[in-house]
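The file upload.pdb contains PDB, C-alpha atoms:
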ATOM      1  CA  MET O  22     100.181 117.241 117.839
ATOM      2  CA  ALA O  23     100.650 120.716 116.414
ATOM      3  CA  ASP O  24     104.149 119.908 115.203
ATOM      4  CA  ILE O  25     102.961 116.623 113.673
ATOM      5  CA  ASP O  26     100.065 118.298 111.853
ATOM      6  CA  LYS O  27     102.358 120.959 110.374
ATOM      7  CA  HIS O  28     105.130 118.528 109.442
ATOM      8  CA  ILE O  29     105.649 118.024 105.725
ATOM      9  CA  GLY O  30     105.638 114.248 106.214
ATOM     10  CA  PHE O  31     102.122 114.380 107.700
ATOM     11  CA  SER O  32     100.889 116.415 104.742
ATOM     12  CA  VAL O  33     102.442 113.916 102.337
ATOM     13  CA  PHE O  34     100.690 111.134 104.275
ATOM     14  CA  ARG O  35      97.385 112.915 103.704
ATOM     15  CA  LEU O  36      98.115 113.215 100.000
ATOM     16  CA  ILE O  37      98.859 109.478  99.837
ATOM     17  CA  LEU O  38      95.542 108.808 101.584
ATOM     18  CA  MET O  39      93.834 110.995  98.984
ATOM     19  CA  LEU O  40      95.451 109.076  96.123
ATOM     20  CA  VAL O  41      94.489 105.658  97.534
ATOM     21  CA  SER O  42      90.984 106.740  98.558
ATOM     22  CA  VAL O  43      90.056 108.571  95.345
ATOM     23  CA  THR O  44      91.473 105.823  93.115
ATOM     24  CA  GLY O  45      90.055 102.921  95.107
ATOM     25  CA  ASN O  46      86.588 104.326  95.728
ATOM     26  CA  SER O  47      86.280 105.519  92.132
ATOM     27  CA  LEU O  48      87.006 101.939  91.049
ATOM     28  CA  ILE O  49      84.319 100.579  93.389
ATOM     29  CA  LEU O  50      81.787 103.071  92.042
ATOM     30  CA  TYR O  51      82.713 102.213  88.453
ATOM     31  CA  ILE O  52      82.514  98.452  89.032
ATOM     32  CA  VAL O  53      79.153  98.530  90.833
ATOM     33  CA  MET O  54      77.472 100.974  88.461
ATOM     34  CA  LYS O  55      78.829  99.325  85.299
ATOM     35  CA  ASN O  56      77.792  95.743  86.107
ATOM     36  CA  PRO O  57      74.030  95.001  86.113
ATOM     37  CA  LYS O  58      74.615  91.937  88.283
ATOM     38  CA  LEU O  59      75.964  94.133  91.077
ATOM     39  CA  ARG O  60      73.704  97.106  90.421
ATOM     40  CA  ILE O  61      70.451  95.225  90.947
ATOM     41  CA  THR O  62      71.326  94.454  94.579
ATOM     42  CA  SER O  63      70.276  97.053  97.137
ATOM     43  CA  ALA O  64      73.184  96.319  99.472
ATOM     44  CA  ASN O  65      75.733  96.683  96.664
ATOM     45  CA  LEU O  66      74.271 100.097  95.808
ATOM     46  CA  LEU O  67      74.694 101.055  99.460
ATOM     47  CA  LEU O  68      78.319  99.936  99.309
ATOM     48  CA  ALA O  69      78.705 102.194  96.265
ATOM     49  CA  GLN O  70      77.079 105.021  98.215
ATOM     50  CA  LEU O  71      79.532 104.432 101.064
ATOM     51  CA  SER O  72      82.346 104.549  98.497
ATOM     52  CA  LEU O  73      81.058 107.948  97.357
ATOM     53  CA  ALA O  74      81.223 109.196 100.962
ATOM     54  CA  ASN O  75      84.749 107.815 101.254
ATOM     55  CA  LEU O  76      85.667 109.479  97.964
ATOM     56  CA  VAL O  77      84.635 112.840  99.452
ATOM     57  CA  LEU O  78      86.724 112.089 102.568
ATOM     58  CA  GLY O  79      89.670 111.229 100.322
ATOM     59  CA  ILE O  80      89.359 114.614  98.605
ATOM     60  CA  ALA O  81      89.171 116.185 102.080
ATOM     61  CA  ALA O  82      92.491 114.558 103.015
ATOM     62  CA  GLY O  83      94.144 116.063  99.953
ATOM     63  CA  THR O  84      92.607 119.484 100.653
ATOM     64  CA  ARG O  85      94.027 119.465 104.179
ATOM     65  CA  GLY O  86      97.408 118.213 103.028
ATOM     66  CA  ILE O  87      97.831 120.856 100.321
ATOM     67  CA  SER O  88      96.539 123.720 102.507
ATOM     68  CA  THR O  89      98.903 122.795 105.357
ATOM     69  CA  ILE O  90     101.878 122.810 102.966
ATOM     70  CA  LEU O  91     100.838 126.235 101.646
ATOM     71  CA  PHE O  92     100.360 127.630 105.161
ATOM     72  CA  GLU O  93     103.806 126.421 106.178
ATOM     73  CA  GLN O  94     105.424 127.852 103.067
ATOM     74  CA  SER O  95     103.843 131.252 103.729
ATOM     75  CA  GLY O  96     104.722 131.161 107.445
ATOM     76  CA  THR O  97     101.092 131.554 108.562
ATOM     77  CA  LYS O  98     100.664 131.138 112.339
ATOM     78  CA  ALA O  99      97.134 132.501 112.842
ATOM     79  CA  PHE O 100      94.414 131.331 110.479
ATOM     80  CA  ASN O 101      91.188 132.920 109.262
ATOM     81  CA  GLY O 102      88.354 131.018 110.914
ATOM     82  CA  TRP O 103      86.059 131.066 107.881
ATOM     83  CA  LEU O 104      88.829 129.717 105.638
ATOM     84  CA  CYS O 105      89.497 126.796 108.007
ATOM     85  CA  LEU O 106      85.769 126.067 108.040
ATOM     86  CA  VAL O 107      85.658 125.980 104.231
ATOM     87  CA  LEU O 108      88.704 123.690 104.114
ATOM     88  CA  GLY O 109      87.046 121.347 106.627
ATOM     89  CA  SER O 110      83.680 121.223 104.846
ATOM     90  CA  PRO O 111      84.559 118.195 102.645
ATOM     91  CA  THR O 112      85.397 116.250 105.818
ATOM     92  CA  VAL O 113      82.130 117.296 107.483
ATOM     93  CA  LEU O 114      80.137 116.370 104.357
ATOM     94  CA  GLY O 115      81.936 113.036 103.968
ATOM     95  CA  ILE O 116      81.363 112.100 107.614
ATOM     96  CA  HIS O 117      77.669 113.005 107.396
ATOM     97  CA  LEU O 118      77.202 110.958 104.225
ATOM     98  CA  SER O 119      79.183 108.064 105.680
ATOM     99  CA  GLN O 120      77.156 108.049 108.914
ATOM    100  CA  THR O 121      73.777 108.242 107.199
ATOM    101  CA  THR O 122      74.822 105.514 104.743
ATOM    102  CA  MET O 123      75.934 103.231 107.572
ATOM    103  CA  ALA O 124      72.527 103.753 109.206
ATOM    104  CA  ALA O 125      70.828 102.975 105.873
ATOM    105  CA  ILE O 126      72.888  99.779 105.579
ATOM    106  CA  ALA O 127      71.762  98.747 109.067
ATOM    107  CA  LEU O 128      68.107  99.236 108.050
ATOM    108  CA  ASP O 129      68.751  97.363 104.807
ATOM    109  CA  ARG O 130      70.179  94.358 106.670
ATOM    110  CA  PHE O 131      67.289  94.469 109.165
ATOM    111  CA  LEU O 132      64.684  94.361 106.387
ATOM    112  CA  CYS O 133      66.560  91.553 104.659
ATOM    113  CA  VAL O 134      66.571  89.386 107.786
ATOM    114  CA  VAL O 135      63.160  90.219 109.302
ATOM    115  CA  PHE O 136      60.981  91.175 106.304
ATOM    116  CA  PRO O 137      62.487  89.383 103.276
ATOM    117  CA  VAL O 138      59.370  89.762 101.104
ATOM    118  CA  LEU O 139      59.202  93.527 101.653
ATOM    119  CA  TYR O 140      62.973  93.698 101.136
ATOM    120  CA  ARG O 141      62.767  92.023  97.713
ATOM    121  CA  ARG O 142      60.019  94.397  96.602
ATOM    122  CA  SER O 143      62.064  97.441  97.633
ATOM    123  CA  GLU O 144      65.202  96.216  95.871
ATOM    124  CA  THR O 145      64.850  98.621  92.948
ATOM    125  CA  PHE O 146      67.140 101.297  91.547
ATOM    126  CA  GLU O 147      64.402 103.927  92.026
ATOM    127  CA  PHE O 148      64.132 103.157  95.762
ATOM    128  CA  ALA O 149      67.929 103.216  96.097
ATOM    129  CA  PHE O 150      68.069 106.602  94.354
ATOM    130  CA  VAL O 151      65.445 108.118  96.678
ATOM    131  CA  ARG O 152      67.333 106.698  99.676
ATOM    132  CA  PHE O 153      70.537 108.289  98.374
ATOM    133  CA  LEU O 154      68.822 111.676  97.962
ATOM    134  CA  VAL O 155      67.574 111.524 101.574
ATOM    135  CA  CYS O 156      71.082 110.756 102.869
ATOM    136  CA  LEU O 157      72.666 113.423 100.653
ATOM    137  CA  GLY O 158      70.038 116.043 101.556
ATOM    138  CA  TYR O 159      70.573 115.551 105.295
ATOM    139  CA  SER O 160      74.351 115.574 104.800
ATOM    140  CA  LEU O 161      74.246 118.886 102.926
ATOM    141  CA  LEU O 162      72.019 120.451 105.596
ATOM    142  CA  GLY O 163      74.359 119.203 108.323
ATOM    143  CA  THR O 164      77.363 120.619 106.487
ATOM    144  CA  PHE O 165      75.867 124.033 105.749
ATOM    145  CA  GLY O 166      74.712 124.237 109.366
ATOM    146  CA  SER O 167      78.330 124.555 110.479
ATOM    147  CA  TYR O 168      78.473 128.026 108.868
ATOM    148  CA  ILE O 169      75.631 129.450 110.984
ATOM    149  CA  GLY O 170      76.960 131.978 113.478
ATOM    150  CA  VAL O 171      80.544 131.931 112.174
ATOM    151  CA  PRO O 172      81.819 135.450 111.316
ATOM    152  CA  PHE O 173      83.116 135.746 107.757
ATOM    153  CA  ASP O 174      85.754 138.381 108.357
ATOM    154  CA  ASP O 175      89.511 138.260 108.678
ATOM    155  CA  SER O 176      89.450 139.459 112.287
ATOM    156  CA  HIS O 177      88.329 136.021 113.523
ATOM    157  CA  LYS O 178      91.601 134.114 113.897
ATOM    158  CA  VAL O 179      92.317 130.622 115.248
ATOM    159  CA  ARG O 180      95.611 129.025 116.251
ATOM    160  CA  VAL O 181      94.737 125.560 114.921
ATOM    161  CA  CYS O 182      93.170 125.353 111.464
ATOM    162  CA  SER O 183      90.413 122.808 112.060
ATOM    163  CA  THR O 184      86.624 122.783 111.993
ATOM    164  CA  SER O 185      86.397 122.105 115.743
ATOM    165  CA  ALA O 186      88.294 125.315 116.494
ATOM    166  CA  VAL O 187      85.864 127.439 114.470
ATOM    167  CA  ILE O 188      82.322 126.085 114.908
ATOM    168  CA  THR O 189      79.875 127.657 117.335
ATOM    169  CA  VAL O 190      78.664 126.100 120.590
ATOM    170  CA  TRP O 191      75.315 125.022 119.157
ATOM    171  CA  TYR O 192      76.944 123.177 116.264
ATOM    172  CA  SER O 193      79.413 121.545 118.651
ATOM    173  CA  ASN O 194      76.427 120.250 120.656
ATOM    174  CA  TYR O 195      74.703 119.124 117.457
ATOM    175  CA  TRP O 196      77.840 117.236 116.379
ATOM    176  CA  PHE O 197      78.034 115.528 119.756
ATOM    177  CA  PHE O 198      74.465 114.217 119.499
ATOM    178  CA  PHE O 199      74.755 113.455 115.777
ATOM    179  CA  ALA O 200      77.892 111.356 116.227
ATOM    180  CA  SER O 201      76.681 109.655 119.412
ATOM    181  CA  ILE O 202      73.123 108.831 118.331
ATOM    182  CA  PHE O 203      74.113 107.519 114.908
ATOM    183  CA  THR O 204      76.951 105.437 116.345
ATOM    184  CA  VAL O 205      74.800 103.899 119.081
ATOM    185  CA  PHE O 206      71.976 103.224 116.616
ATOM    186  CA  ILE O 207      74.274 101.540 114.106
ATOM    187  CA  TYR O 208      75.921  99.211 116.623
ATOM    188  CA  VAL O 209      72.737  98.348 118.535
ATOM    189  CA  ALA O 210      71.021  97.625 115.208
ATOM    190  CA  TYR O 211      73.853  95.363 114.043
ATOM    191  CA  ILE O 212      73.952  93.450 117.323
ATOM    192  CA  ALA O 213      70.192  92.839 117.030
ATOM    193  CA  ILE O 214      70.557  91.874 113.370
ATOM    194  CA  TYR O 215      73.393  89.481 114.186
ATOM    195  CA  ILE O 216      71.249  87.718 116.817
ATOM    196  CA  LEU O 217      68.346  87.419 114.365
ATOM    197  CA  PHE O 218      70.727  86.297 111.612
ATOM    198  CA  THR O 219      72.197  83.438 113.690
ATOM    199  CA  ARG O 220      68.728  82.212 114.639
ATOM    200  CA  GLN O 221      67.574  81.904 111.050
ATOM    201  CA  THR O 222      67.494  78.575 109.282
ATOM    202  CA  ASN O 223      69.975  77.954 106.476
ATOM    203  CA  SER O 224      67.136  78.009 103.954
ATOM    204  CA  SER O 225      66.111  81.569 104.879
ATOM    205  CA  TYR O 226      66.635  84.307 102.312
ATOM    206  CA  GLY O 227      68.806  86.269 104.746
ATOM    207  CA  LYS O 228      71.225  83.324 104.866
ATOM    208  CA  SER O 229      71.570  82.868 101.129
ATOM    209  CA  SER O 230      75.152  82.874  99.879
ATOM    210  CA  SER O 231      74.927  86.415  98.473
ATOM    211  CA  GLN O 232      73.363  87.834 101.622
ATOM    212  CA  ARG O 233      75.861  85.979 103.822
ATOM    213  CA  THR O 234      78.702  87.552 101.798
ATOM    214  CA  LEU O 235      77.235  91.027 102.264
ATOM    215  CA  PHE O 236      76.793  90.404 105.992
ATOM    216  CA  VAL O 237      80.440  89.370 106.376
ATOM    217  CA  THR O 238      81.603  92.354 104.315
ATOM    218  CA  MET O 239      79.677  94.804 106.484
ATOM    219  CA  THR O 240      80.986  93.168 109.657
ATOM    220  CA  ALA O 241      84.531  93.894 108.460
ATOM    221  CA  VAL O 242      83.550  97.486 107.596
ATOM    222  CA  LEU O 243      82.088  97.900 111.086
ATOM    223  CA  ALA O 244      85.325  96.688 112.692
ATOM    224  CA  SER O 245      87.196  99.400 110.782
ATOM    225  CA  TYR O 246      84.460 101.867 111.709
ATOM    226  CA  LEU O 247      85.000 101.097 115.411
ATOM    227  CA  PHE O 248      88.711 101.956 115.388
ATOM    228  CA  PHE O 249      88.680 104.921 113.026
ATOM    229  CA  TRP O 250      85.395 106.591 113.965
ATOM    230  CA  CYS O 251      84.023 105.476 117.337
ATOM    231  CA  ILE O 252      87.208 105.735 119.418
ATOM    232  CA  PRO O 253      88.311 109.198 118.140
ATOM    233  CA  ASN O 254      84.755 110.541 118.528
ATOM    234  CA  LEU O 255      84.476 109.046 122.013
ATOM    235  CA  LEU O 256      87.558 111.090 122.900
ATOM    236  CA  ASN O 257      85.990 114.142 121.280
ATOM    237  CA  ALA O 258      82.711 113.590 123.132
ATOM    238  CA  SER O 259      84.510 113.311 126.482
ATOM    239  CA  PHE O 260      85.587 116.939 126.106
ATOM    240  CA  LYS O 261      81.933 117.924 126.294
ATOM    241  CA  ILE O 262      82.130 116.856 129.937
ATOM    242  CA  ILE O 263      85.771 117.677 130.686
ATOM    243  CA  PRO O 264      86.503 121.369 130.040
ATOM    244  CA  VAL O 265      89.551 121.839 127.789
ATOM    245  CA  SER O 266      90.978 124.692 125.745
ATOM    246  CA  SER O 267      89.905 125.372 122.176
ATOM    247  CA  VAL O 268      93.435 124.467 121.052
ATOM    248  CA  ILE O 269      93.099 120.903 122.374
ATOM    249  CA  LYS O 270      89.638 120.649 120.811
ATOM    250  CA  GLY O 271      91.208 121.705 117.534
ATOM    251  CA  TYR O 272      93.834 118.965 117.763
ATOM    252  CA  VAL O 273      91.193 116.353 118.528
ATOM    253  CA  GLY O 274      89.209 117.632 115.550
ATOM    254  CA  ILE O 275      92.286 117.049 113.396
ATOM    255  CA  LEU O 276      92.550 113.507 114.797
ATOM    256  CA  VAL O 277      88.884 112.783 113.955
ATOM    257  CA  GLY O 278      89.407 114.077 110.422
ATOM    258  CA  VAL O 279      92.595 112.084 109.828
ATOM    259  CA  CYS O 280      91.056 108.860 111.157
ATOM    260  CA  SER O 281      88.074 109.387 108.841
ATOM    261  CA  ASN O 282      90.512 109.841 105.947
ATOM    262  CA  ILE O 283      92.284 106.580 106.852
ATOM    263  CA  SER O 284      88.947 104.775 107.038
ATOM    264  CA  SER O 285      88.033 106.046 103.575
ATOM    265  CA  ALA O 286      91.239 104.603 102.126
ATOM    266  CA  ILE O 287      91.033 101.092 103.582
ATOM    267  CA  ASN O 288      87.492 100.156 102.564
ATOM    268  CA  ILE O 289      88.633  99.120  99.090
ATOM    269  CA  PHE O 290      90.915  96.544 100.729
ATOM    270  CA  ILE O 291      87.990  95.304 102.849
ATOM    271  CA  TYR O 292      85.806  94.905  99.767
ATOM    272  CA  SER O 293      88.629  93.111  97.945
ATOM    273  CA  TRP O 294      89.095  90.801 100.906
ATOM    274  CA  LYS O 295      85.517  89.983 101.864
ATOM    275  CA  HIS O 296      83.326  90.623  98.792
ATOM    276  CA  PRO O 297      83.972  87.896  96.158
ATOM    277  CA  GLU O 298      82.114  89.607  93.294
ATOM    278  CA  ILE O 299      83.871  92.953  93.731
ATOM    279  CA  ARG O 300      87.191  91.128  94.167
ATOM    280  CA  LYS O 301      86.582  89.307  90.879
ATOM    281  CA  TYR O 302      85.918  92.522  88.970
ATOM    282  CA  LEU O 303      88.858  94.296  90.606
ATOM    283  CA  LYS O 304      91.137  91.500  89.405
ATOM    284  CA  ARG O 305      89.815  91.956  85.882
ATOM    285  CA  VAL O 306      90.550  95.686  86.079
ATOM    286  CA  PHE O 307      94.168  95.186  87.189
ATOM    287  CA  VAL O 308      95.012  91.839  85.560
ATOM    288  CA  GLY O 309      92.817  92.095  82.468
ATOM    289  CA  GLY O 310      90.357  89.699  80.907
ATOM    290  CA  GLN O 311      86.893  89.927  79.459
ATOM    291  CA  SER O 312      84.096  90.440  81.960
ATOM    292  CA  SER O 313      81.213  88.106  81.464
ATOM    293  CA  VAL O 314      77.711  88.543  82.813
ATOM    294  CA  VAL O 315      75.310  85.621  82.964
ATOM    295  CA  PHE O 316      71.805  86.583  81.930
ATOM    296  CA  PRO O 317      68.781  84.527  82.935
ATOM    297  CA  VAL O 318      67.188  82.461  80.166
ATOM    298  CA  SER O 319      63.677  83.633  79.473
ATOM    299  CA  ALA O 320      60.888  81.341  78.440
ATOM    300  CA  VAL O 321      60.458  81.209  74.664
ATOM    301  CA  HIS O 322      56.994  81.126  73.157
ATOM    302  CA  PRO O 323      56.513  78.349  70.532
ATOM    303  CA  SER O 324      55.535  80.944  67.919
ATOM    304  CA  HIS O 325      58.998  82.500  68.259
ATOM    305  CA  LEU O 326      60.762  79.282  67.312
ATOM    306  CA  VAL O 327      62.190  79.217  63.810
ATOM    307  CA  SER O 328      62.084  75.943  61.906
ATOM    308  CA  LEU O 329      65.434  75.292  60.249
ATOM    309  CA  PRO O 330      65.529  73.697  56.806
ATOM    310  CA  ARG O 331      66.353  70.027  56.890
ATOM    311  CA  THR O 332      68.584  68.055  54.506
ATOM    312  CA  ARG O 333      68.810  64.337  54.003
ATOM    313  CA  HIS O 334      72.135  62.644  54.660
ATOM    314  CA  GLY O 335      71.968  58.930  54.056
ATOM    315  CA  ASP O 336      69.136  57.602  56.214
ATOM    316  CA  LEU O 337      69.285  60.542  58.643
ATOM    317  CA  ILE O 338      67.319  63.764  58.387
ATOM    318  CA  ILE O 339      69.346  66.582  59.969
ATOM    319  CA  ASN O 340      68.778  70.305  60.427
ATOM    320  CA  ALA O 341      70.914  72.369  58.062
TER     321      ALA O 341
END
So that I can check it, write out the structure of this file as C-alpha cells.
Amino acid sequence: MADIDKHIGFSVFRLILMLVSVTGNSLILYIVMKNPKLRITSANLLLAQLSLANLVLGIAAGTRGISTILFEQSGTKAFNGWLCLVLGSPTVLGIHLSQTTMAAIALDRFLCVVFPVLYRRSETFEFAFVRFLVCLGYSLLGTFGSYIGVPFDDSHKVRVCSTSAVITVWYSNYWFFFASIFTVFIYVAYIAIYILFTRQTNSSYGKSSSQRTLFVTMTAVLASYLFFWCIPNLLNASFKIIPVSSVIKGYVGILVGVCSNISSAINIFIYSWKHPEIRKYLKRVFVGGQSSVVFPVSAVHPSHLVSLPRTRHGDLIINA
C-alpha cells in the first residue's frame, strides 16, 4: 500500500479525481442554484449541498496528489505530523459535511413520506439555508477537533502521511462513533422510509413523480455510499477491536480518503443517470440550447385587462 500511495500513477489518479469532482460538482451547484424550478425543492437543495461536500473532497484529492508528488521529488521519508494533518483537513471536512448532509436527506425523505403537510411548509430557501449552516457548523467543529492534542513542532514525525497516523486517541474514538452512528442512522432511516414509501397509495404526495424521482436518485447515491464509505470504514472500525500498528492504521486512513474521493467524483454520473431534470440541464450545458422555465399562470383581475381597439372588417368586428 505504501508503494502504491507513493507511486506517481496513484497521484495522477488523484488529480484526475479532482478534475472530475470539481468540474462535475461545480456544474451541479450552478445548475441547481441558477434554475428556480430546481431551487424551490428542498431535496434538490440538499443534492446541491451534497455536491458542495463532494467538491471539497475533490479538492482534497488534488491536495493529496500534489503533496505526494512533492514529497517524492524531495525524497522525504518521515513527515511532519502537523503538516499531514493540515493536508488531510479537506478530506475530514468533506466527509463530515457529506455525512451530515446524508443524514439531513434521510430526515427530508422521512418528513416527505410521513408528514407531507409539514414538509411542504418547510420547503423554503430560508429553512434550507439554516439547515446548511447547522451541517457546516458541526462539520467545522469536527474538523478543528482533530487538531486538539496534536503537537505543532517538527519533532513529531510519522512514516505514513495521513490523518489517521497523526490524530490523538480521543479523536480516533470520536471518529469511530461518528462514522458508525451516522452510517447506522442513515441506513436504518432509509429502510424505514422505503417500507413506508411502498405502503403509500399512488395518490400520496410522497409518490408524486418528482418525489419518486428524488427517491430513486437517493437510492442510487446510497448504493455508491455503501461501497465507497461503509466498507472502508467498517475495515477501519475493526482496528478499534483488533490491535494493529500505526502504520497499518495510516494505510487504512489513506484507503478511506481515496474511496471518499472516488465517491465525490461519481455522483455527477448518478445525477445524470437518475435525475431527469438535472440530466436535461446538463445536456443543455454540454450540447447547447436555450433553457426554458415554465412559470405558473397567475389569476388576472378584471381591472387589469386592457380593452384593445376594434376595427370593422366587412360584417366582422375584430380586435386590432
Apply the PyMOL selection byres ((chain O and resi 51) around 12) to the file shown and report the selected residues as a PyMOL selection string.
chain O and resi 43-50+52-57+59-60+66+68-70+72-73+299+302-303+306
What is the distance between atom CA of O:Thr97 and atom CA of O:Arg180, in Å to one decimal?
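So the answer is 9.8 Å.
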Point out the residue among O:Phe198, O:Phe153, O:Tyr140, O:Trp191 with the least atom-to-atom distance to O:Leu67, counting only C-alpha atoms.
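Under the stated criterion, the closest residue is O:Phe153.
Proximity of O:Val41, O:Ala149, O:Ile214, O:Val113 to O:Ile61, computed with all atoms listed in the file, is greatest for O:Ala149.
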Would you work out the distance separating atom CA of O:Ile80 from atom CA of O:Val107, expressed in Å to one decimal?
13.2 Å
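For the pair atom CA of O:Ala124 and atom CA of O:Val205, the interatomic distance is 10.1 Å.
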Could you list the residues chosen by the PyMOL selection byres ((chain O and resi 174) around 10) in this structure as a PyMOL selection string?
chain O and resi 101-104+171-173+175-178
Selected residue of minimal separation from O:Met39 among O:Val308, O:Ile207, O:Ala64, O:Ala82, counting all atoms listed in the file
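Result for the nearest residue to O:Met39: O:Ala82.
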Nearby residues (only C-alpha atoms) at most 12 Å from O:Ser160, same-chain spacing under 4 positions excluded, as a short mmCIF file (atom, residue, chain, number, x, y, z; two decimals) with C-alpha atoms, keeping the file's coordinate frame:
data_model
loop_
_atom_site.label_atom_id
_atom_site.label_comp_id
_atom_site.auth_asym_id
_atom_site.auth_seq_id
_atom_site.Cartn_x
_atom_site.Cartn_y
_atom_site.Cartn_z
CA ALA O 74 81.22 109.20 100.96
CA VAL O 77 84.64 112.84 99.45
CA SER O 110 83.68 121.22 104.85
CA PRO O 111 84.56 118.20 102.64
CA THR O 112 85.40 116.25 105.82
CA VAL O 113 82.13 117.30 107.48
CA LEU O 114 80.14 116.37 104.36
CA GLY O 115 81.94 113.04 103.97
CA ILE O 116 81.36 112.10 107.61
CA HIS O 117 77.67 113.00 107.40
CA LEU O 118 77.20 110.96 104.22
CA SER O 119 79.18 108.06 105.68
CA GLN O 120 77.16 108.05 108.91
CA THR O 121 73.78 108.24 107.20
CA THR O 122 74.82 105.51 104.74
CA PHE O 153 70.54 108.29 98.37
CA LEU O 154 68.82 111.68 97.96
CA VAL O 155 67.57 111.52 101.57
CA CYS O 156 71.08 110.76 102.87
CA THR O 164 77.36 120.62 106.49
CA PHE O 165 75.87 124.03 105.75
CA GLY O 166 74.71 124.24 109.37
CA SER O 167 78.33 124.56 110.48
CA PHE O 199 74.76 113.46 115.78
#
Starting from the displayed file, determine the output of the PyMOL selection byres ((chain O and resi 283) around 10) and express the residue list as an NGL selection string.
:O and (34-35 or 38-39 or 41-42 or 75 or 78-79 or 82 or 245 or 249-250 or 278-282 or 284-288)
How would you write as a PyMOL selection string the residues that get within 10 Å of (98.7, 117.2, 107.1) in the file's frame, counting all atoms listed in the file?
chain O and resi 25-36+82-90+275+279
Requested write-out: C-alpha atoms of the selected residues, as a compact mmCIF listing (two decimals), in the frame of the given file:
# COMPACT_ATOMS: atom_id res chain seq x y z
CA ILE O 25 102.96 116.62 113.67
CA ASP O 26 100.06 118.30 111.85
CA LYS O 27 102.36 120.96 110.37
CA HIS O 28 105.13 118.53 109.44
CA ILE O 29 105.65 118.02 105.72
CA GLY O 30 105.64 114.25 106.21
CA PHE O 31 102.12 114.38 107.70
CA SER O 32 100.89 116.42 104.74
CA VAL O 33 102.44 113.92 102.34
CA PHE O 34 100.69 111.13 104.28
CA ARG O 35 97.38 112.92 103.70
CA LEU O 36 98.12 113.22 100.00
CA ALA O 82 92.49 114.56 103.02
CA GLY O 83 94.14 116.06 99.95
CA THR O 84 92.61 119.48 100.65
CA ARG O 85 94.03 119.46 104.18
CA GLY O 86 97.41 118.21 103.03
CA ILE O 87 97.83 120.86 100.32
CA SER O 88 96.54 123.72 102.51
CA THR O 89 98.90 122.80 105.36
CA ILE O 90 101.88 122.81 102.97
CA ILE O 275 92.29 117.05 113.40
CA VAL O 279 92.60 112.08 109.83
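For the choices O:Tyr168, O:Trp196, O:Phe136, O:Phe236, the atom-to-atom distance to O:Leu106 is smallest for O:Tyr168 when using only C-alpha atoms.
Of the listed residues O:Val237, O:Cys105, O:Ile202, O:Leu91, the one whose atoms come nearest to O:Ala258 is O:Ile202, with distances taken using only C-alpha atoms.
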